[in-house]
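Accompanying notes for the structure given below.
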Amino acid sequence: MSLRTAPDQVVARHGWVQALTTVLAGLIAMIVVSALGLWAAGAADLPGGAFPRVVAATSVMAVGGSVKFAGNAGAIAETRAALTVIPLSVTLTGALVVAAGFLRPLRHRAVAGAPELAGWAGRIAVVWLLALTALALSARRTFALSPGEGALSDLGDVLGAASTRVGFQADVPVTLGLGHLWLAGVLVLALLVSPGAPLPPRLLRFQESVRPAAYAMVVLLLAYVVLGGVIALVVAVTRGHAAQTLAVVLLGLPNLVWPLFTIGLGATWEGRVEGPFGLPMPQVLDSVLRTPDISTLDLRTLSEQDGRVWWLVVVGSVLLSAVAFLMASRSPARMRAWQHAVHMAVALALTVLTICLLGRIDAHYGLSLFGVGDIGGGLSGELFLRPALWGALGLALLWGLVTGFVGALLASRVRHHGELGNPRT
């Protein structure tokens with residue numbers, strides 16, 4: 001038996017057990033984070049034993065799955081609800097655990113054949129299909145809500161809308177399709193980012209330009225999450241609201257810090273908060289968005305509420321320069337500074353595009369009579385947050401070119417002799 005074929009036979013012999021372990025570890029991690037976050041948010045008090053179902057629905061949404069909402073408020077009234085948001089803290093946890101399980105059998109190897117990688121990923125996908133199906137089928141529940149007090153309650157009694165029932169259920173086919181796209185993205189990104197992961201021989205020539213940039217972007221995103229977590233813990237200790245802060249950290253910390261990263265680059269988001277909805281963000285953001293019309297969220301509007309917002313520019317500059325230096329130091333010596341700048345610009349633009357796509361929020365809930373309009377005061381509301389995409393991408397390209405060039409120049413001064421030479425401009 002050759003040394004090259006031995007690892008292949010080990011993976012083939014134990015691949016199903018390892019695939020099962022990888023999938024279960026990822027799902028358990030997501031369920032635990034979802035449960036703790038929802039518990040901190042007070043969801044454990046939901047009626048009808050709905051808490052485990054809500055945990056399942058949150059985990060489904062974390063991998064891109066779809067959850068539908070429906071309701072009935074009597075003979076001539078109906079409830080309407082829609083929610084589009086990805087709990088990115090749960091998503092990030094699952095992605096890190098699944099990626100680590102996927103890469104573990106492949107470590108300490110330089111090259112792996114495409115059939116081997118496809119077979120290993122296929123085993124994980126089959127187990128993922130079964131586990132995600134069970135999770136999606138359990139993500140459903142219907143429970144009753146009170147229509148409130150005063151005039152709304154009296155109106156509900158008269159019109160037969162006093163007993164408002166709302167429910168949710170996962171769209172199983174859509175969840176399975178999008179869930180497998182999420183899994184494929186995690187596995188591909190794991191191969192691109194990990195410096196020790198083997199690649200097929202035909203793809204080895206791309207690793208010098210792709211891997212350093214991909215690794216730098218992952219470090220950048222994780223750095224923002226860690227920094228945001230530290231700030232959140234300090235706020236919880238000094239200002240109270242520990243449970244609320246913990247809920248934000250466990251459910252949507254990247255939903256907060258990653259859009260703020262793009263705002264620090266100069267990007268613009270627009271949105272609106274109306275009714276009982278609130279954003280898992282500092283009060284300054286909620287104040288800007290809670291207006292009668294659509295609001296603009298950028299450095300100018302935020303600085304009018306709190307001048308400390310300009311620190312976003314400083315933090316972004318420092319972290320981008322640091323990861324640009326990291327990218328250049330991991331790249332070949334023959335690569336010129338302008339090439340580093342181009343790689344950084346493309347990588348940063350793709351990263352900002354991902355943030356803009358994942359960071360969108362759209363939520364609506366209302367009680368309508370005769371199918372017309374929304375009534376109910378506190379029972380109706382709207383929340384949405386979306387980016388000005390093209391402006392954000394243009395700014396990302398500009399920041400990437402500048403910081404990529406600067407990072408290459410900085411890396412040229414600290415490289416050890418005999419390892420990497422100075423890039424030529």
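FYI, nothing fancy with the structure tokens labels: chains A, B, ... in order, residues from 1 per chain, ligands from 1 as they appear.
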Inset, instruction - Write out as a VMD selection string which residues come within 8 Å of region 250-260 of chain A when counting only C-alpha atoms, dropping same-chain ones fewer than 3 positions away. - result: chain A and resid 33 to 34 36 to 38 87 to 90 221 224 to 225 228 to 229 246 to 247 263 to 264 280 to 281 312 355 to 356 359
Inset, instruction - Find the spatial neighbours of Leu137 (chain A), counting only C-alpha atoms, within a cut-off of 12 Å - ignore same-chain residues fewer than 2 positions away - and output them as an NGL selection string. - result: :A and (53 or 56-57 or 60 or 65-67 or 130-135 or 139-141 or 168-173 or 175-176)
Could you save those same residues with N, CA and C atoms as a tab-separated table (two decimals), in the first residue's frame?
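part20.tsv was written with the following content:
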```tsv
chain	number	residue	atom	x	y	z
A	53	ARG	N	-39.79	24.42	18.83
A	53	ARG	CA	-40.11	24.61	17.41
A	53	ARG	C	-39.50	25.90	16.88
A	56	ALA	N	-35.88	25.29	16.25
A	56	ALA	CA	-35.70	24.59	14.98
A	56	ALA	C	-35.86	25.54	13.80
A	57	ALA	N	-36.87	26.43	13.87
A	57	ALA	CA	-37.07	27.39	12.79
A	57	ALA	C	-35.90	28.35	12.66
A	60	VAL	N	-33.13	26.55	10.97
A	60	VAL	CA	-33.43	26.41	9.54
A	60	VAL	C	-33.10	27.70	8.80
A	65	GLY	N	-32.69	28.50	4.95
A	65	GLY	CA	-34.01	27.92	4.77
A	65	GLY	C	-35.12	28.95	4.84
A	66	SER	N	-36.30	28.54	4.39
A	66	SER	CA	-37.45	29.43	4.34
A	66	SER	C	-38.48	28.99	5.36
A	67	VAL	N	-38.99	29.95	6.13
A	67	VAL	CA	-40.04	29.71	7.11
A	67	VAL	C	-41.23	30.58	6.74
A	130	LEU	N	-30.65	14.26	5.27
A	130	LEU	CA	-31.51	13.59	6.24
A	130	LEU	C	-31.70	14.44	7.49
A	131	ALA	N	-30.62	15.01	8.00
A	131	ALA	CA	-30.70	15.81	9.22
A	131	ALA	C	-31.50	17.09	9.00
A	132	LEU	N	-31.28	17.75	7.87
A	132	LEU	CA	-31.99	19.00	7.60
A	132	LEU	C	-33.47	18.75	7.35
A	133	THR	N	-33.80	17.62	6.74
A	133	THR	CA	-35.21	17.27	6.56
A	133	THR	C	-35.92	17.12	7.90
A	134	ALA	N	-35.28	16.41	8.82
A	134	ALA	CA	-35.88	16.24	10.15
A	134	ALA	C	-36.01	17.58	10.86
A	135	LEU	N	-35.02	18.44	10.73
A	135	LEU	CA	-35.07	19.75	11.39
A	135	LEU	C	-36.18	20.61	10.79
A	139	ALA	N	-39.88	22.26	12.45
A	139	ALA	CA	-39.98	23.71	12.57
A	139	ALA	C	-41.37	24.17	12.16
A	140	ARG	N	-42.37	23.87	12.98
A	140	ARG	CA	-43.74	24.30	12.71
A	140	ARG	C	-44.53	24.34	14.01
A	141	ARG	N	-45.38	25.35	14.13
A	141	ARG	CA	-46.20	25.49	15.33
A	141	ARG	C	-47.25	26.59	15.09
A	168	PHE	N	-46.23	29.19	12.12
A	168	PHE	CA	-45.13	29.17	11.16
A	168	PHE	C	-44.81	27.73	10.82
A	169	GLN	N	-44.24	27.56	9.66
A	169	GLN	CA	-43.74	26.24	9.27
A	169	GLN	C	-42.68	26.40	8.20
A	170	ALA	N	-41.71	25.54	8.24
A	170	ALA	CA	-40.62	25.60	7.27
A	170	ALA	C	-41.09	25.08	5.92
A	171	ASP	N	-40.66	25.74	4.88
A	171	ASP	CA	-40.89	25.27	3.51
A	171	ASP	C	-39.82	24.22	3.21
A	172	VAL	N	-40.19	22.96	3.31
A	172	VAL	CA	-39.20	21.88	3.27
A	172	VAL	C	-38.44	21.84	1.95
A	173	PRO	N	-39.08	21.84	0.76
A	173	PRO	CA	-38.30	21.79	-0.48
A	173	PRO	C	-37.32	22.96	-0.64
A	175	THR	N	-36.09	24.82	1.76
A	175	THR	CA	-35.07	24.69	2.79
A	175	THR	C	-33.99	23.70	2.39
A	176	LEU	N	-34.40	22.56	1.84
A	176	LEU	CA	-33.42	21.56	1.42
A	176	LEU	C	-32.54	22.07	0.30
```
Inset, instruction - Tell me, in Å to one decimal, how far CA of Ala50 (chain A) is from CA of Arg272 (chain A). - result: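 CA of Arg272 (chain A) lies at a distance of 29.1 Å from CA of Ala50 (chain A).
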For region 394-408 of chain A, find every residue with an atom within 9 Å (counting only C-alpha atoms), except residues of its own chain fewer than 3 positions away, and show them as a compact mmCIF listing (two decimals) with N, CA, C and O atoms, in the first residue's frame.
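Result written to around.txt:
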```txt
# COMPACT_ATOMS: atom_id res chain seq x y z
N THR A 262 -19.31 48.03 6.70
CA THR A 262 -19.50 48.66 5.39
C THR A 262 -19.82 50.15 5.54
O THR A 262 -19.39 50.96 4.71
N LEU A 265 -16.79 52.09 5.77
CA LEU A 265 -16.15 52.31 4.48
C LEU A 265 -16.80 53.43 3.69
O LEU A 265 -16.29 53.83 2.64
N GLY A 266 -17.95 53.91 4.18
CA GLY A 266 -18.68 54.96 3.48
C GLY A 266 -19.96 54.50 2.82
O GLY A 266 -20.64 55.31 2.16
N ALA A 267 -20.30 53.24 2.97
CA ALA A 267 -21.50 52.71 2.33
C ALA A 267 -22.76 53.25 2.99
O ALA A 267 -22.73 53.75 4.13
N SER A 317 -10.02 51.23 8.76
CA SER A 317 -8.72 51.47 8.13
C SER A 317 -7.64 50.58 8.73
O SER A 317 -6.83 49.98 8.01
N LEU A 320 -8.37 46.75 7.85
CA LEU A 320 -8.13 46.47 6.42
C LEU A 320 -6.64 46.49 6.11
O LEU A 320 -6.15 45.64 5.35
N SER A 321 -5.91 47.44 6.67
CA SER A 321 -4.46 47.47 6.45
C SER A 321 -3.79 46.23 7.04
O SER A 321 -2.86 45.67 6.45
N ALA A 322 -4.28 45.79 8.21
CA ALA A 322 -3.70 44.62 8.85
C ALA A 322 -3.93 43.36 8.03
O ALA A 322 -3.01 42.56 7.83
N VAL A 323 -5.14 43.15 7.52
CA VAL A 323 -5.39 41.93 6.74
C VAL A 323 -4.75 42.03 5.37
O VAL A 323 -4.38 40.99 4.78
N ALA A 324 -4.57 43.25 4.83
CA ALA A 324 -3.83 43.40 3.58
C ALA A 324 -2.37 43.02 3.78
O ALA A 324 -1.76 42.37 2.92
N PHE A 325 -1.81 43.43 4.90
CA PHE A 325 -0.44 43.02 5.25
C PHE A 325 -0.37 41.50 5.40
O PHE A 325 0.58 40.85 4.92
N LEU A 326 -1.37 40.91 6.06
CA LEU A 326 -1.40 39.46 6.23
C LEU A 326 -1.47 38.75 4.89
O LEU A 326 -0.77 37.76 4.66
N MET A 327 -2.31 39.25 3.99
CA MET A 327 -2.44 38.65 2.67
C MET A 327 -1.11 38.73 1.90
O MET A 327 -0.67 37.75 1.29
N ALA A 328 -0.48 39.89 1.94
CA ALA A 328 0.78 40.05 1.20
C ALA A 328 1.88 39.17 1.78
O ALA A 328 2.70 38.61 1.04
N SER A 329 1.93 39.03 3.10
CA SER A 329 2.98 38.22 3.73
C SER A 329 2.81 36.74 3.45
O SER A 329 3.77 35.97 3.57
N ARG A 336 3.86 41.40 -7.48
CA ARG A 336 4.08 42.83 -7.36
C ARG A 336 3.04 43.48 -6.46
O ARG A 336 1.97 42.93 -6.22
N ALA A 337 3.34 44.70 -6.02
CA ALA A 337 2.44 45.40 -5.11
C ALA A 337 1.10 45.70 -5.76
O ALA A 337 0.04 45.62 -5.12
N TRP A 338 1.11 46.05 -7.07
CA TRP A 338 -0.16 46.35 -7.72
C TRP A 338 -1.02 45.09 -7.84
O TRP A 338 -2.26 45.18 -7.83
N GLN A 339 -0.38 43.92 -7.94
CA GLN A 339 -1.15 42.68 -7.97
C GLN A 339 -1.82 42.40 -6.63
O GLN A 339 -2.96 41.96 -6.56
N HIS A 340 -1.10 42.68 -5.55
CA HIS A 340 -1.70 42.56 -4.22
C HIS A 340 -2.91 43.49 -4.11
O HIS A 340 -3.95 43.12 -3.54
N ALA A 341 -2.77 44.70 -4.64
CA ALA A 341 -3.86 45.67 -4.56
C ALA A 341 -5.09 45.17 -5.31
O ALA A 341 -6.22 45.29 -4.83
N VAL A 342 -4.88 44.59 -6.48
CA VAL A 342 -6.00 44.07 -7.27
C VAL A 342 -6.67 42.90 -6.56
O VAL A 342 -7.90 42.81 -6.48
N HIS A 343 -5.86 41.98 -6.03
CA HIS A 343 -6.42 40.84 -5.30
C HIS A 343 -7.22 41.30 -4.08
O HIS A 343 -8.30 40.78 -3.80
N MET A 344 -6.69 42.28 -3.37
CA MET A 344 -7.38 42.80 -2.18
C MET A 344 -8.69 43.47 -2.58
O MET A 344 -9.72 43.30 -1.90
N ALA A 345 -8.67 44.21 -3.67
CA ALA A 345 -9.88 44.91 -4.11
C ALA A 345 -10.97 43.92 -4.51
O ALA A 345 -12.14 44.09 -4.12
N VAL A 346 -10.62 42.91 -5.26
CA VAL A 346 -11.62 41.91 -5.69
C VAL A 346 -12.16 41.16 -4.48
O VAL A 346 -13.38 40.95 -4.35
N ALA A 347 -11.25 40.74 -3.59
CA ALA A 347 -11.69 39.99 -2.41
C ALA A 347 -12.59 40.84 -1.52
O ALA A 347 -13.62 40.36 -1.01
N LEU A 348 -12.24 42.10 -1.32
CA LEU A 348 -13.05 42.96 -0.46
C LEU A 348 -14.40 43.24 -1.10
O LEU A 348 -15.43 43.29 -0.39
N ALA A 349 -14.44 43.43 -2.41
CA ALA A 349 -15.72 43.65 -3.08
C ALA A 349 -16.64 42.44 -2.94
O ALA A 349 -17.84 42.58 -2.70
N LEU A 350 -16.09 41.24 -3.09
CA LEU A 350 -16.90 40.03 -2.91
C LEU A 350 -17.38 39.89 -1.47
O LEU A 350 -18.51 39.45 -1.21
N THR A 351 -16.53 40.29 -0.52
CA THR A 351 -16.91 40.22 0.88
C THR A 351 -18.04 41.20 1.18
O THR A 351 -19.02 40.85 1.86
N VAL A 352 -17.94 42.42 0.69
CA VAL A 352 -18.99 43.41 0.91
C VAL A 352 -20.27 42.98 0.22
O VAL A 352 -21.38 43.17 0.75
N LEU A 389 -26.36 48.94 -2.93
CA LEU A 389 -25.39 47.90 -3.27
C LEU A 389 -24.24 48.43 -4.12
O LEU A 389 -23.07 48.20 -3.80
N TRP A 390 -24.54 49.13 -5.21
CA TRP A 390 -23.48 49.50 -6.15
C TRP A 390 -22.50 50.49 -5.53
O TRP A 390 -21.29 50.43 -5.78
N GLY A 391 -23.02 51.40 -4.73
CA GLY A 391 -22.11 52.32 -4.05
C GLY A 391 -21.19 51.60 -3.08
O GLY A 391 -20.00 51.93 -2.97
N ALA A 411 4.54 44.70 4.09
CA ALA A 411 5.02 43.32 4.18
C ALA A 411 6.43 43.19 3.62
O ALA A 411 7.21 42.34 4.08
N SER A 412 6.78 44.02 2.66
CA SER A 412 8.12 43.91 2.06
C SER A 412 9.21 44.29 3.05
O SER A 412 10.37 43.92 2.87
N ASN A 422 11.29 41.61 -2.01
CA ASN A 422 10.49 42.81 -2.06
C ASN A 422 9.63 42.81 -3.31
O ASN A 422 10.09 42.48 -4.39
N PRO A 423 8.35 43.18 -3.22
CA PRO A 423 7.54 43.30 -4.40
C PRO A 423 7.97 44.49 -5.23
O PRO A 423 8.31 45.53 -4.71
```
Legend entry - From A:Leu385, A:Ala41, A:Gly48, A:Leu319, residue lying nearest Leu222 (chain A) [only C-alpha atoms]: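 The closest residue to Leu222 (chain A) is A:Leu319.
For the pair CA of Lys68 (chain A) and CA of Gly185 (chain A), the interatomic distance is 24.2 Å.
For region 172-418 of chain A, a DSSP pass over the backbone yields strand (DSSP E) at A:Trp269, A:Glu270, A:Gly271, A:Arg272, A:Val273, A:Glu274, A:Ser295, A:Thr296, A:Leu297, A:Ile361, A:Asp362, A:Ala363, A:His364, A:Tyr365, A:Gly366, A:Leu367, A:Ser368, A:Leu369, A:Val372, A:Gly373, A:Asp374, A:Ile375, A:Gly381, A:Glu382, A:Leu383, A:Phe384, A:Leu385, A:Arg386, A:Pro387.
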Legend entry - Residue contacts of Pro332 (chain A) (8 Å, only C-alpha atoms) excluding same-chain residues fewer than 2 positions away, as a list in words: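 Non-adjacent residues within range: Glu208, Arg330, Arg334, Met335 and Leu420 of chain A.
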Write to file, as a PDB file, in the first residue's frame, the residues of the selection just made, with N, CA, C and O atoms.
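Resulting contents of again-v3.pdb:
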```pdb
ATOM      1  N   GLU A 208      -2.030  30.297  -4.999  1.00  0.00           N
ATOM      2  CA  GLU A 208      -1.153  31.402  -4.637  1.00  0.00           C
ATOM      3  C   GLU A 208      -1.871  32.740  -4.679  1.00  0.00           C
ATOM      4  O   GLU A 208      -1.560  33.645  -3.894  1.00  0.00           O
ATOM      5  N   ARG A 330       1.613  36.312   3.069  1.00  0.00           N
ATOM      6  CA  ARG A 330       1.372  34.904   2.749  1.00  0.00           C
ATOM      7  C   ARG A 330       1.417  34.622   1.257  1.00  0.00           C
ATOM      8  O   ARG A 330       1.143  33.504   0.830  1.00  0.00           O
ATOM      9  N   ARG A 334       7.365  36.840  -5.768  1.00  0.00           N
ATOM     10  CA  ARG A 334       7.389  37.419  -7.107  1.00  0.00           C
ATOM     11  C   ARG A 334       6.182  38.310  -7.400  1.00  0.00           C
ATOM     12  O   ARG A 334       6.137  39.000  -8.426  1.00  0.00           O
ATOM     13  N   MET A 335       5.189  38.295  -6.548  1.00  0.00           N
ATOM     14  CA  MET A 335       3.981  39.073  -6.786  1.00  0.00           C
ATOM     15  C   MET A 335       4.247  40.551  -6.530  1.00  0.00           C
ATOM     16  O   MET A 335       4.790  40.935  -5.502  1.00  0.00           O
ATOM     17  N   LEU A 420      10.920  35.614   1.234  1.00  0.00           N
ATOM     18  CA  LEU A 420      10.184  36.391   0.242  1.00  0.00           C
ATOM     19  C   LEU A 420      10.940  37.656  -0.043  1.00  0.00           C
ATOM     20  O   LEU A 420      11.485  38.306   0.859  1.00  0.00           O
TER      21      LEU A 420
END
```
Legend entry - Close residues, region 94-109 of chain A itself excluded, 8 Å, only C-alpha atoms, min 5 positions apart in chain, as a PyMOL selection string: chain A and resi 11+18-19+21-23+25-27+29-30+121+186-187+190-191+196-198
Legend entry - Nearest candidate to Ala213 (chain A) (options A:Thr91, A:Thr245, A:Ser331, A:Thr58; using only C-alpha atoms):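 The shortest atom-to-atom distance to Ala213 (chain A) comes from A:Ser331.
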Inset, instruction - Would you list, as a VMD selection string, the residues of region 207-276 of chain A that end up in helix (DSSP H, G or I) under DSSP run on this structure's backbone? - result: chain A and resid 207 to 239 242 to 264
